[in-house]
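Single-structure report; data block below.
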Amino acid sequence: MPGAIYAEGLVKTFGDVRALDGVDLDVPEGTVLGLLGPNGAGKTTAVRVLTTLLQPDSGSAVVAGIDVLKRPNEVRRSIGLSGQFAAVDEYLTGRENLQMVGQLYQMSGRDAKARATELLERFHLSDAGDRSAKTYSGGMRRRLDLAAALVVSPPVMFMDEPTTGLDPRNRQQLWGIIQELVAGGTTLLLTTQYLEEADHLAHNICVVDHGKVIARGTSDQLKARTGGERVEVVVHEREHLAVTTEVLHGFGKGEVSVQDHTRKVTVPVTGGAKLLAELIRELDSRGIEIDDIALRRPTLDDVFISLTGHAAEAIDGENAKTEEAAK
């Protein structure tokens with residue numbers, strides 16, 4: 001059966017640019033899908049289609065068991081959406097913002113007030129609940145925005161780059177809140193440029209570039225595509241790079257990479273810590289002094305670069321303009 005969020009063949013064009021070019025998604029109930037890609041890749045456009053804010057040119061989508069195109073009003077009652085920018089009324093207090101959302105969903109005044117109090121406490125905003133939102137920091141506004149998306153306890157949540165611009169402390173707090181939601185059964189589609197965020201939160205990841213899903217799988221599955229472990233050696237003297245390259249070629253299982261300016265030599269390997277010990281002995285026997293040596297697994301940064309040829313934070317000018325047009 002399709003998951004709590006399901007899309008097939010979504011296409012959306014803006015002029016000559018295909019913001020979505022046949023996107024398929026399937027998010028099982030109670031899990032997190034990380035939609036990963038650079039600015040302009042199509043992430044926000046996908047979210048706007050799935051949350052009924054944009055009509056696709058073609059394709060189909062079902063959210064919480066409801067057809068997005070045929071029954072959009074029912075979909076809206078079943079989802080929460082937290083966008084890239086906190087959508088709060090800065091002239092209302094935090095409590096008034098949440099009560100207003102509850103009343104828009106036709107909650108009674110008493111129930112809306114009780115829910116606002118509950119959410120202010122849950123999001124660590126109780127002390128600021130009766131202050132106007134314009135006095136809130138960026139992190140507080142982001143938490144208030146997320147609280148507003150949860151007033152009616154939706155079974156499906158969409159978060160479009162929810163931690164953009166937050167400092168590490170506020171980002172960690174939001175991660176904790178997101179994990180609590182999913183543990184409680186919420187299904188979440190999370191778009192992000194932060195590879196660490198996807199690694200930390202997502203059960204599955206879809207990598208999107210130029211409107212297409214170019215890879216999908218768990219974090220470990222995607223990392224495995226880049227070739228396993230790597231040894232990195234930083235030599236003390238630049239003139240030792242040639243000999244070190246020769247040594248690593250003998251130990252490695254692929255092409256040796258040399259960065260002259262950082263005095264770093266890298267090679268894919270198998271064998272783990274045992275190989276690392278043997279390599280250190282060999283370098284020592286050759287009289288090569290090293291400043292650093294490490295065995296590391298691929299990161300999602302490595303995955304992204306290998307798949308797209310650029311870093312996740314890179315901005316594609318034409319597609320970035322397309323994404324802006326969707327907002």
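Here's how to read the names in the structure tokens: chain A, B, ... by the order shown, residue numbers from 1 in each chain, ligand numbers from 1 in the order shown.
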Contacts of region 196-287 of chain A with region 38-62 of chain A up to 6 Å, shortest pair per row, only C-alpha atoms, as CSV:
residue,atom,partner,partner_atom,distance
A:Val208,CA,A:Ala41,CA,6.0
A:Asp209,CA,A:Ala41,CA,4.6
A:His210,CA,A:Ala41,CA,4.9
A:Gly211,CA,A:Gly42,CA,4.9
Spatial neighbours of Ser126 (chain A), max dist 12 Å, only C-alpha atoms, sep filter under 2 positions, as an MDAnalysis selection string: chainID A and resid 93:95 116:124 128:131 140 143:144
Residues of region 77-287 of chain A in helix (DSSP H, G or I), written as a VMD selection string: chain A and resid 77 94 to 104 109 to 122 126 to 128 133 to 135 138 to 149 168 to 183 195 to 201 219 to 224 238 to 251 272 to 285
Region 246-257 of chain A environment, 9 Å, only C-alpha atoms, sequence neighbours closer than 5 positions dropped, as a list in words: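 Those residues are Gly227, Arg230, Val231, Val233, Leu241, Lys264, Val265, Thr266, Val267, Pro268, Val269, Thr270, Leu275, Leu279, Glu282 and Leu283 of chain A.
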Would you mind exporting the chosen residues as an mmCIF file, in the first residue's frame, restricted to C-alpha atoms?
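Final output, again-v4.cif:
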data_model
loop_
_atom_site.group_PDB
_atom_site.id
_atom_site.type_symbol
_atom_site.label_atom_id
_atom_site.label_comp_id
_atom_site.auth_asym_id
_atom_site.auth_seq_id
_atom_site.Cartn_x
_atom_site.Cartn_y
_atom_site.Cartn_z
ATOM 1 C CA GLY A 227 33.030 3.393 -2.329
ATOM 2 C CA ARG A 230 38.966 6.162 2.959
ATOM 3 C CA VAL A 231 42.348 6.747 4.519
ATOM 4 C CA VAL A 233 47.147 11.147 5.501
ATOM 5 C CA LEU A 241 53.866 13.697 -0.931
ATOM 6 C CA LYS A 264 46.819 15.546 2.183
ATOM 7 C CA VAL A 265 46.762 12.185 0.405
ATOM 8 C CA THR A 266 43.519 10.164 0.269
ATOM 9 C CA VAL A 267 42.704 6.690 -1.040
ATOM 10 C CA PRO A 268 39.708 4.274 -0.811
ATOM 11 C CA VAL A 269 40.554 1.207 1.299
ATOM 12 C CA THR A 270 39.216 -1.979 2.827
ATOM 13 C CA LEU A 275 45.143 -1.704 7.652
ATOM 14 C CA LEU A 279 50.087 1.808 6.956
ATOM 15 C CA GLU A 282 55.127 1.438 6.544
ATOM 16 C CA LEU A 283 55.206 5.247 6.519
#
Exercise: region 101-103 of chain A partners within 10 Å, only C-alpha atoms, chain neighbours under 2 positions left out, as a PyMOL selection string: chain A and resi 96-99+105-116+148-152
Who sits within 9 Å of Leu276 (chain A), only C-alpha atoms, same chain under 6 positions skipped, as a ChimeraX atom specification: /A:231,293-295
Writing out the chosen residues with N, CA and C atoms as a PDB file, in the first residue's frame:
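Produced file selection-v1.pdb, reproduced below:
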ATOM      1  N   VAL A 231      41.262   6.325   3.646  1.00  0.00           N
ATOM      2  CA  VAL A 231      42.348   6.747   4.519  1.00  0.00           C
ATOM      3  C   VAL A 231      42.821   8.116   4.061  1.00  0.00           C
ATOM      4  N   ILE A 293      46.528  11.279  10.496  1.00  0.00           N
ATOM      5  CA  ILE A 293      46.099  10.136   9.700  1.00  0.00           C
ATOM      6  C   ILE A 293      44.750   9.703  10.231  1.00  0.00           C
ATOM      7  N   ALA A 294      43.831   9.392   9.332  1.00  0.00           N
ATOM      8  CA  ALA A 294      42.480   9.046   9.763  1.00  0.00           C
ATOM      9  C   ALA A 294      41.840   8.075   8.796  1.00  0.00           C
ATOM     10  N   LEU A 295      40.973   7.240   9.349  1.00  0.00           N
ATOM     11  CA  LEU A 295      40.140   6.327   8.567  1.00  0.00           C
ATOM     12  C   LEU A 295      38.709   6.823   8.709  1.00  0.00           C
TER      13      LEU A 295
END
Every residue of region 91-260 of chain A that DSSP places in strand (DSSP E), as a ChimeraX atom specification: /A:156-160,187-192,204-209,212-217,230-235,257-259
Near-Asp291 (chain A) list (10 Å; only C-alpha atoms; drop same-chain fewer than 4 positions) as number ranges by chain: A: 233-237, 263-264
9 Å contact set for Val303 (chain A), only C-alpha atoms, chain neighbours under 6 positions out, as a PyMOL selection string: chain A and resi 222-226
